[in-house]
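Engineer: Pasting a structure here, questions to come.
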Amino acid sequence: MLRLLMLLSLPALWAASSHAEAYTLNARIQRVATAVVTLEQVKVRLSWPAQAEHGELELQAGHIQAPDLGYRFRDVVWRCPLRRDGRGGWRCDGELRGAGGKPLRLALDLGVASTDLRLSQGAAALALQRAAASPDLTRIDLTRVPLAWAQALVAQAWPAGRIKAGTLDGRLDIAAPQHKPLSITGPLRLQGGALDTPDGLIAAENLGAQLNLSAQLDRTDTVAIDGQLQGGELLFGNAYVSLHKRAVDLRVQAEQREGEGWRLPRLMWRDDGILALEGSAALTPDASLAALDLDLRSADLAPLRDGYLSGFLGLAGLGQLELSGAAQARVRMSGDELQLAEASLQQVSMKDPQGRFRFDGLDGQVRYSADAAVASELGWRGGALYGLEFGAATLPFSSDGGELRLLRAVNFPMLGGRAGFDGLRLRPPAGGKGLDVRFGLNLDRLDVGQLAKALDWPAFTGELSGRIPQAHYADDRLELDGGLTMQLFGGTVAVSSLAMERPFGVAPTLSSDLALDNLDLESLTGVFGFGSITGRLYGRIDQVRLVDWQPTAFNAELHTRKTPGVRQRISQRAVQDLSSVGDSSFVGSLQDRLIGFFDDFGYARIGIACRLADEVCHMDGLGPAKAAPDGSRGFTIVQGAGVPHLDVVGYNRRVDWATLLERMEAVSKGEVKPVVQ
């Protein structure tokens with residue numbers, strides 16, 4: 001630094017000798033080196049007219065570099081009037097320009113015992129002070145300095161960081177003793193800070209802070225930050241933190257050896273009443289996570305969602321999840337693999353406003369370990385799954401070898417029966433693979449009436465039982481082996497090939513196959529508000545696909561089967577309803593003029609089919625029907641029997657699905673009036 005000051009002092013010392021005559025001084029210096037900054041290709045020109053009160057100074061530098069601070073400039077030019085300050089020193093104040101940058105104003109005071117430098121641009125100012133008594137110490141005062149001015153310094157520690165906005169106020173002391181590390185210490189105040197990274201994984205907006213900085217830059221760089229964040233928003237990968245205007249106590253200690261990634265031996269974060277965090281972390285040279293060990297505590301989970309969890313919950317389609325209670329947790333990771341996870345819950349409740357699930361009174365612990373054996377137990381008072389209420393349960397767990405297991409089968413009350421699961425095995429993401437969960441499911445005599453009411457179905461009655469030997473959840477898809485059986489309408493409905501995508505996410509998708517066996521048609525049509533039909537119903541509904549619980553595809557075929565001792569009759573109302581729904585018509589025998597006097601008719605067979613694709617139902621029935629008088633050929637839905645003989649024939653094989661639903665709703669409400677033709 002002494003060499004730089006001598007360079008700046010030479011014109012002033014020369015001008016001090018005399019100014020009775022006009023003088024001009026030109027100097028070329030190849031290189032000026034200090035502990036902090038190096039100047040190359042330096043040119044100095046001073047002109048002092050005779051009898052003038054001041055001279056004109058011009059300083060040029062082809063390159064200016066401060067490698068420890070990350071700053072590099074080229075083609076720098078400074079012009080200013082050189083004056084005496086009246087105290088034995090000199091002052092020069094003028095415009096400073098550099099290649100590719102906006103002009104600034106640089107004021108330099110060369111005092112007898114001190115050097116003061118002020119760099120400004122509008123309201124922003126950076127002032128540097130040095131005293132001859134302490135030549136290794138430089139003080140920098142910051143006033144509304146754009147945070148972007150620190151981009152080069154930030155890039156030294158974090159090459160991917162891009163500063164977008166913000167201002168700094170504060171004071172920094174830079175000590176550059178010979179043969180010792182460069183140190184930077186002092187208080188800083190940040191307002192309106194904003195930054196991001198090219199990959200968008202890290203970002204900040206409207207960030208405020210009051211911090212104390214202490215850094216040493218050497219072969220091992222060390223940085224300590226202690227203070228408060230004062231509002232703003234932060235994004236770290238999937239973790240979105242919204243502070244609003246809250247003040248959060250922060251403490252970070254970091255160190256980096258040459259050629260290695262950063263180590264953070266101490267992290268502390270205290271957001272009173274919401275989240276307290278302590279731990280350590282380590283990053284690889286490319287800034288990915290190498291290790292993490294955190295302890296977290298929340299005395300009130302309610303504000304935790306909006307403050308810290310919205311990013312994670314949003315990815316799972318649970319952005320509006322309602323939380324209450326308290327929790328503590330510990331997480332230890334090595335690279336991207338989980339080594340230890342512990343969660344302790346105290347009277348925690350979770351409620352999905354969309355009605356997909358609810359848990360009441362979660363209490364206890366869940367502990368996971370990738371190596372040592374650990375045990376834990378978690379229970380709940382009750383809850384609901386898609387509106388289906390269930391009772392209390394306690395789940396005992398054990399963990400080792402990178403797996404969390406349920407120690408024994410668990411069952412609990414549900415819909416007047418019992419539900420339970422066993423064989424639960426959970427593996428967290430590891431080795432490039434995502435979360436993997438396997439379990440068995442049992443349902444025993446659940447009341448279908450309660451199920452129908454909860455799902456807003458027609459008033460079905462019966463029981464639901466079944467066993468899924470293994471359910472497998474991976475890659476946001478749930479597949480279930482085995483099947484479920486419902487005893488409905490005196491017969492059986494069997495559900496198989498069950499699978500779900502995004503079960504708790506956005507637009508969940510369900511696929512399955514259904515088999516109907518020996519259902520009582522009279523009970524079935526009565527529940528749906530259909531005209532009365534007696535007989536027994538069989539069939540299949542395969543390749544069912546529901547998106548957000550709305551049908552988008554299936555292949556259905558339903559038919560009656562003659563059963564000894566069971567009458568097969570269809571009411572006039574049912575004939576009309578069938579015709580309305582299926583876009584059909586019915587034709588009578590020679591006695592068709594008398595059909596209107598009959599309440600019901602005998603039939604031999606009933607059959608109807610629908611293949612739903614692209615919101616169109618492709619209709620079919622028992623087989624081709626006789627040609628109509630106009631030559632069109634349809635398909636038989638009802639094949640009559642006895643006198644009067646009545647057949648129902650469909651002619652439109654393509655029916656809009658939305659229209660079909662409207663017709664079925666009208667039928668169920670009795671809005672279709674029988675008309676015999």
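Ligands are numbered from 1 in the order shown, residues from 1 within each chain, and chains are lettered A, B, ... in the order they appear in the structure tokens.
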Which residues are close to segment 267-269 of chain A, i.e. within 6 Å by only C-alpha atoms, leaving aside same-chain residues fewer than 4 positions away? Reply as a count of residues only.

Structural biologist: 9

Engineer: Any chance you could list, as an MDAnalysis selection string, the residues in segment 184-426 of chain A that come up strand (DSSP E) when DSSP is run on the backbone?

Structural biologist: chainID A and resid 184:196 202:217 220:236 239:257 262:271 275:283 289:298 322:334 337:351 357:369 374:380 382:385 388:390 393:400 403:406 410:414 417:426

Engineer: Pick out the residues sitting within 12 Å of Leu137 of chain A, and hand them over as a PyMOL selection string; count only C-alpha atoms, and ignore anything fewer than 3 positions along from it in its own chain.

Structural biologist: chain A and resi 1-2+35-36+114-115+128-134+140+172-178+182-185

Engineer: Pick from A:Ser398, A:Gln210, A:Asn238, A:Asn555: nearest to Asp226 of chain A, with only C-alpha atoms counted?

Structural biologist: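 Smallest separation from Asp226 of chain A among the options: A:Gln210.
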
Engineer: Can you list every residue in segment 259-508 of chain A that DSSP puts in helix (DSSP H, G or I), as an MDAnalysis selection string?

Structural biologist: chainID A and resid 304:315 448:454

Engineer: Please provide the set of residues having any atom within 9 Å of segment 407-420 of chain A, restricted to only C-alpha atoms, with same-chain residues fewer than 5 positions apart removed, written as a PDB file with N, CA, C and O atoms, in the first residue's frame.

Structural biologist:
```pdb
ATOM      1  N   LEU A 388     -63.582 -40.986   4.929  1.00  0.00           N
ATOM      2  CA  LEU A 388     -63.897 -42.233   5.619  1.00  0.00           C
ATOM      3  C   LEU A 388     -63.240 -42.209   6.995  1.00  0.00           C
ATOM      4  O   LEU A 388     -62.010 -42.288   7.114  1.00  0.00           O
ATOM      5  N   GLU A 389     -64.054 -42.098   8.036  1.00  0.00           N
ATOM      6  CA  GLU A 389     -63.540 -41.966   9.393  1.00  0.00           C
ATOM      7  C   GLU A 389     -62.899 -43.275   9.875  1.00  0.00           C
ATOM      8  O   GLU A 389     -63.370 -44.371   9.568  1.00  0.00           O
ATOM      9  N   PHE A 390     -61.800 -43.159  10.649  1.00  0.00           N
ATOM     10  CA  PHE A 390     -61.196 -44.326  11.291  1.00  0.00           C
ATOM     11  C   PHE A 390     -60.821 -43.970  12.722  1.00  0.00           C
ATOM     12  O   PHE A 390     -60.696 -42.802  13.087  1.00  0.00           O
ATOM     13  N   GLY A 391     -60.628 -45.006  13.543  1.00  0.00           N
ATOM     14  CA  GLY A 391     -60.406 -44.814  14.971  1.00  0.00           C
ATOM     15  C   GLY A 391     -58.942 -44.822  15.373  1.00  0.00           C
ATOM     16  O   GLY A 391     -58.035 -44.752  14.544  1.00  0.00           O
ATOM     17  N   ALA A 392     -58.730 -44.930  16.703  1.00  0.00           N
ATOM     18  CA  ALA A 392     -57.391 -44.812  17.273  1.00  0.00           C
ATOM     19  C   ALA A 392     -56.534 -46.029  16.947  1.00  0.00           C
ATOM     20  O   ALA A 392     -57.035 -47.138  16.746  1.00  0.00           O
ATOM     21  N   ALA A 393     -55.217 -45.797  16.922  1.00  0.00           N
ATOM     22  CA  ALA A 393     -54.261 -46.882  16.674  1.00  0.00           C
ATOM     23  C   ALA A 393     -52.905 -46.486  17.224  1.00  0.00           C
ATOM     24  O   ALA A 393     -52.595 -45.301  17.375  1.00  0.00           O
ATOM     25  N   THR A 394     -52.093 -47.504  17.530  1.00  0.00           N
ATOM     26  CA  THR A 394     -50.712 -47.305  17.960  1.00  0.00           C
ATOM     27  C   THR A 394     -49.817 -48.165  17.079  1.00  0.00           C
ATOM     28  O   THR A 394     -50.067 -49.363  16.904  1.00  0.00           O
ATOM     29  N   LEU A 395     -48.762 -47.563  16.532  1.00  0.00           N
ATOM     30  CA  LEU A 395     -47.884 -48.244  15.591  1.00  0.00           C
ATOM     31  C   LEU A 395     -46.493 -48.394  16.198  1.00  0.00           C
ATOM     32  O   LEU A 395     -45.795 -47.402  16.422  1.00  0.00           O
ATOM     33  N   PRO A 396     -46.059 -49.630  16.482  1.00  0.00           N
ATOM     34  CA  PRO A 396     -44.692 -49.850  16.971  1.00  0.00           C
ATOM     35  C   PRO A 396     -43.725 -50.047  15.796  1.00  0.00           C
ATOM     36  O   PRO A 396     -43.995 -50.825  14.884  1.00  0.00           O
ATOM     37  N   PHE A 397     -42.590 -49.339  15.835  1.00  0.00           N
ATOM     38  CA  PHE A 397     -41.625 -49.394  14.735  1.00  0.00           C
ATOM     39  C   PHE A 397     -40.269 -49.886  15.227  1.00  0.00           C
ATOM     40  O   PHE A 397     -39.899 -49.723  16.395  1.00  0.00           O
ATOM     41  N   SER A 398     -39.516 -50.442  14.303  1.00  0.00           N
ATOM     42  CA  SER A 398     -38.091 -50.686  14.506  1.00  0.00           C
ATOM     43  C   SER A 398     -37.374 -50.289  13.225  1.00  0.00           C
ATOM     44  O   SER A 398     -37.977 -50.259  12.141  1.00  0.00           O
ATOM     45  N   GLY A 440     -49.127 -54.441   3.670  1.00  0.00           N
ATOM     46  CA  GLY A 440     -50.335 -55.207   3.405  1.00  0.00           C
ATOM     47  C   GLY A 440     -51.542 -54.495   4.011  1.00  0.00           C
ATOM     48  O   GLY A 440     -51.418 -53.780   5.001  1.00  0.00           O
ATOM     49  N   LEU A 441     -52.734 -54.702   3.410  1.00  0.00           N
ATOM     50  CA  LEU A 441     -53.938 -53.995   3.832  1.00  0.00           C
ATOM     51  C   LEU A 441     -55.072 -54.988   4.022  1.00  0.00           C
ATOM     52  O   LEU A 441     -55.282 -55.879   3.185  1.00  0.00           O
ATOM     53  N   ASN A 442     -55.829 -54.833   5.130  1.00  0.00           N
ATOM     54  CA  ASN A 442     -56.974 -55.689   5.420  1.00  0.00           C
ATOM     55  C   ASN A 442     -58.207 -54.843   5.703  1.00  0.00           C
ATOM     56  O   ASN A 442     -58.131 -53.854   6.441  1.00  0.00           O
ATOM     57  N   LEU A 443     -59.332 -55.212   5.117  1.00  0.00           N
ATOM     58  CA  LEU A 443     -60.613 -54.580   5.395  1.00  0.00           C
ATOM     59  C   LEU A 443     -61.595 -55.678   5.790  1.00  0.00           C
ATOM     60  O   LEU A 443     -61.752 -56.672   5.070  1.00  0.00           O
ATOM     61  N   ASP A 444     -62.253 -55.501   6.923  1.00  0.00           N
ATOM     62  CA  ASP A 444     -63.132 -56.541   7.431  1.00  0.00           C
ATOM     63  C   ASP A 444     -64.514 -55.965   7.743  1.00  0.00           C
ATOM     64  O   ASP A 444     -64.682 -55.192   8.681  1.00  0.00           O
ATOM     65  N   ARG A 445     -65.486 -56.306   6.894  1.00  0.00           N
ATOM     66  CA  ARG A 445     -66.902 -56.020   7.105  1.00  0.00           C
ATOM     67  C   ARG A 445     -67.177 -54.533   7.335  1.00  0.00           C
ATOM     68  O   ARG A 445     -67.894 -54.137   8.243  1.00  0.00           O
ATOM     69  N   LEU A 446     -66.626 -53.720   6.455  1.00  0.00           N
ATOM     70  CA  LEU A 446     -66.935 -52.292   6.503  1.00  0.00           C
ATOM     71  C   LEU A 446     -68.362 -52.071   6.001  1.00  0.00           C
ATOM     72  O   LEU A 446     -68.811 -52.719   5.051  1.00  0.00           O
ATOM     73  N   ASP A 447     -69.053 -51.150   6.615  1.00  0.00           N
ATOM     74  CA  ASP A 447     -70.443 -50.865   6.272  1.00  0.00           C
ATOM     75  C   ASP A 447     -70.484 -50.040   4.979  1.00  0.00           C
ATOM     76  O   ASP A 447     -70.073 -48.880   4.945  1.00  0.00           O
ATOM     77  N   VAL A 448     -71.005 -50.644   3.907  1.00  0.00           N
ATOM     78  CA  VAL A 448     -71.074 -49.957   2.624  1.00  0.00           C
ATOM     79  C   VAL A 448     -72.023 -48.766   2.696  1.00  0.00           C
ATOM     80  O   VAL A 448     -71.846 -47.772   1.989  1.00  0.00           O
ATOM     81  N   GLY A 449     -73.040 -48.834   3.551  1.00  0.00           N
ATOM     82  CA  GLY A 449     -73.952 -47.703   3.716  1.00  0.00           C
ATOM     83  C   GLY A 449     -73.212 -46.465   4.189  1.00  0.00           C
ATOM     84  O   GLY A 449     -73.416 -45.361   3.663  1.00  0.00           O
ATOM     85  N   GLN A 450     -72.350 -46.623   5.204  1.00  0.00           N
ATOM     86  CA  GLN A 450     -71.551 -45.492   5.667  1.00  0.00           C
ATOM     87  C   GLN A 450     -70.568 -45.033   4.596  1.00  0.00           C
ATOM     88  O   GLN A 450     -70.320 -43.831   4.431  1.00  0.00           O
ATOM     89  N   LEU A 451     -70.003 -45.995   3.868  1.00  0.00           N
ATOM     90  CA  LEU A 451     -69.082 -45.669   2.787  1.00  0.00           C
ATOM     91  C   LEU A 451     -69.787 -44.835   1.716  1.00  0.00           C
ATOM     92  O   LEU A 451     -69.263 -43.818   1.252  1.00  0.00           O
ATOM     93  N   GLU A 463     -71.691 -54.935   2.720  1.00  0.00           N
ATOM     94  CA  GLU A 463     -70.436 -54.982   3.454  1.00  0.00           C
ATOM     95  C   GLU A 463     -69.268 -55.039   2.481  1.00  0.00           C
ATOM     96  O   GLU A 463     -69.390 -55.569   1.370  1.00  0.00           O
ATOM     97  N   LEU A 464     -68.148 -54.487   2.939  1.00  0.00           N
ATOM     98  CA  LEU A 464     -66.918 -54.482   2.150  1.00  0.00           C
ATOM     99  C   LEU A 464     -65.836 -55.203   2.939  1.00  0.00           C
ATOM    100  O   LEU A 464     -65.543 -54.851   4.077  1.00  0.00           O
TER     101      LEU A 464
END
```

Engineer: Excluding Gly325 of chain A and its own-chain neighbours fewer than 4 positions away, which residues fall within 9 Å of it when counting only C-alpha atoms? Please give them as a ChimeraX atom specification.

Structural biologist: /A:298-302,345-349,361-362

Engineer: Create the file for the chosen residues now, containing N, CA and C atoms and written as a PDB file, in the first residue's frame.

Structural biologist:
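Written output follows (out-v3.pdb):
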```pdb
ATOM      1  N   SER A 298     -40.127 -26.986  16.870  1.00  0.00           N
ATOM      2  CA  SER A 298     -41.222 -26.057  16.614  1.00  0.00           C
ATOM      3  C   SER A 298     -42.252 -26.200  17.718  1.00  0.00           C
ATOM      4  N   ALA A 299     -42.484 -25.122  18.443  1.00  0.00           N
ATOM      5  CA  ALA A 299     -43.473 -25.142  19.520  1.00  0.00           C
ATOM      6  C   ALA A 299     -44.890 -24.978  18.992  1.00  0.00           C
ATOM      7  N   ASP A 300     -45.024 -24.541  17.749  1.00  0.00           N
ATOM      8  CA  ASP A 300     -46.351 -24.347  17.151  1.00  0.00           C
ATOM      9  C   ASP A 300     -46.236 -24.600  15.653  1.00  0.00           C
ATOM     10  N   LEU A 301     -46.839 -25.704  15.195  1.00  0.00           N
ATOM     11  CA  LEU A 301     -46.724 -26.078  13.794  1.00  0.00           C
ATOM     12  C   LEU A 301     -47.625 -25.255  12.879  1.00  0.00           C
ATOM     13  N   ALA A 302     -48.600 -24.544  13.428  1.00  0.00           N
ATOM     14  CA  ALA A 302     -49.568 -23.833  12.586  1.00  0.00           C
ATOM     15  C   ALA A 302     -48.890 -22.847  11.628  1.00  0.00           C
ATOM     16  N   LEU A 345     -43.520 -36.080  18.049  1.00  0.00           N
ATOM     17  CA  LEU A 345     -44.733 -35.296  17.860  1.00  0.00           C
ATOM     18  C   LEU A 345     -45.508 -35.203  19.163  1.00  0.00           C
ATOM     19  N   GLN A 346     -46.032 -34.018  19.445  1.00  0.00           N
ATOM     20  CA  GLN A 346     -46.841 -33.808  20.642  1.00  0.00           C
ATOM     21  C   GLN A 346     -48.204 -33.234  20.229  1.00  0.00           C
ATOM     22  N   GLN A 347     -49.225 -34.103  20.272  1.00  0.00           N
ATOM     23  CA  GLN A 347     -50.606 -33.720  19.972  1.00  0.00           C
ATOM     24  C   GLN A 347     -50.696 -32.959  18.640  1.00  0.00           C
ATOM     25  N   VAL A 348     -50.142 -33.576  17.634  1.00  0.00           N
ATOM     26  CA  VAL A 348     -50.128 -32.983  16.299  1.00  0.00           C
ATOM     27  C   VAL A 348     -51.395 -33.379  15.543  1.00  0.00           C
ATOM     28  N   SER A 349     -51.986 -32.435  14.862  1.00  0.00           N
ATOM     29  CA  SER A 349     -53.127 -32.696  13.988  1.00  0.00           C
ATOM     30  C   SER A 349     -52.796 -32.213  12.587  1.00  0.00           C
ATOM     31  N   GLY A 361     -54.520 -35.907  16.865  1.00  0.00           N
ATOM     32  CA  GLY A 361     -53.797 -36.334  18.057  1.00  0.00           C
ATOM     33  C   GLY A 361     -52.635 -37.255  17.787  1.00  0.00           C
ATOM     34  N   LEU A 362     -51.825 -36.966  16.774  1.00  0.00           N
ATOM     35  CA  LEU A 362     -50.600 -37.741  16.555  1.00  0.00           C
ATOM     36  C   LEU A 362     -49.642 -37.487  17.710  1.00  0.00           C
TER      37      LEU A 362
END
```

Engineer: Rounded to one decimal, what separation in Å do you get between atom CA of Gln65 of chain A and atom CA of Pro159 of chain A?

Structural biologist: 17.6 Å

Engineer: Select, from A:Trp158, A:Phe236, A:Trp549, A:Tyr473, the residue with the minimum atom-to-atom distance to Arg425 of chain A, counting only C-alpha atoms.

Structural biologist: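 For Arg425 of chain A, the nearest of the given residues is A:Tyr473.
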
Engineer: Which residues come within 12 Å of segment 121-124 of chain A, counting only C-alpha atoms, excluding same-chain residues fewer than 6 positions away, as a count of residues only?

Structural biologist: 24

Engineer: May I ask which of the residues A:Ala160, A:Val655, A:Ala474, A:Leu558 is the closest one to Pro285 of chain A, counting only C-alpha atoms?

Structural biologist: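 Answer, going by the shortest atom-to-atom distance: A:Ala160.
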
Engineer: Quick one: of A:Arg162, A:Met333, A:Gly186, A:Ser511, who's nearest to Ala204 of chain A, counting only C-alpha atoms?

Structural biologist: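 Once distances to Ala204 of chain A are computed over only C-alpha atoms, the minimum belongs to A:Arg162.
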
Engineer: By how many Å are atom CA of Val638 of chain A and atom CA of Trp457 of chain A apart?

Structural biologist: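 Taking atom CA of Val638 of chain A as the start and atom CA of Trp457 of chain A as the end point, the length is 26.7 Å.
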
Engineer: Find the distance between atom CA of Gln576 of chain A and atom CA of Glu615 of chain A and write it in Å to one decimal.

Structural biologist: 24.4 Å

Engineer: Which polymer residues have any atom within 8 Å of an atom of Asp520 of chain A, counting only C-alpha atoms, with same-chain residues fewer than 4 positions away left out, as a list in words?

Structural biologist: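 Contacts, in chain order: Phe489, Gly490, Gly491, Leu524, Thr534, Gly535, Arg536 and Leu537 of chain A.
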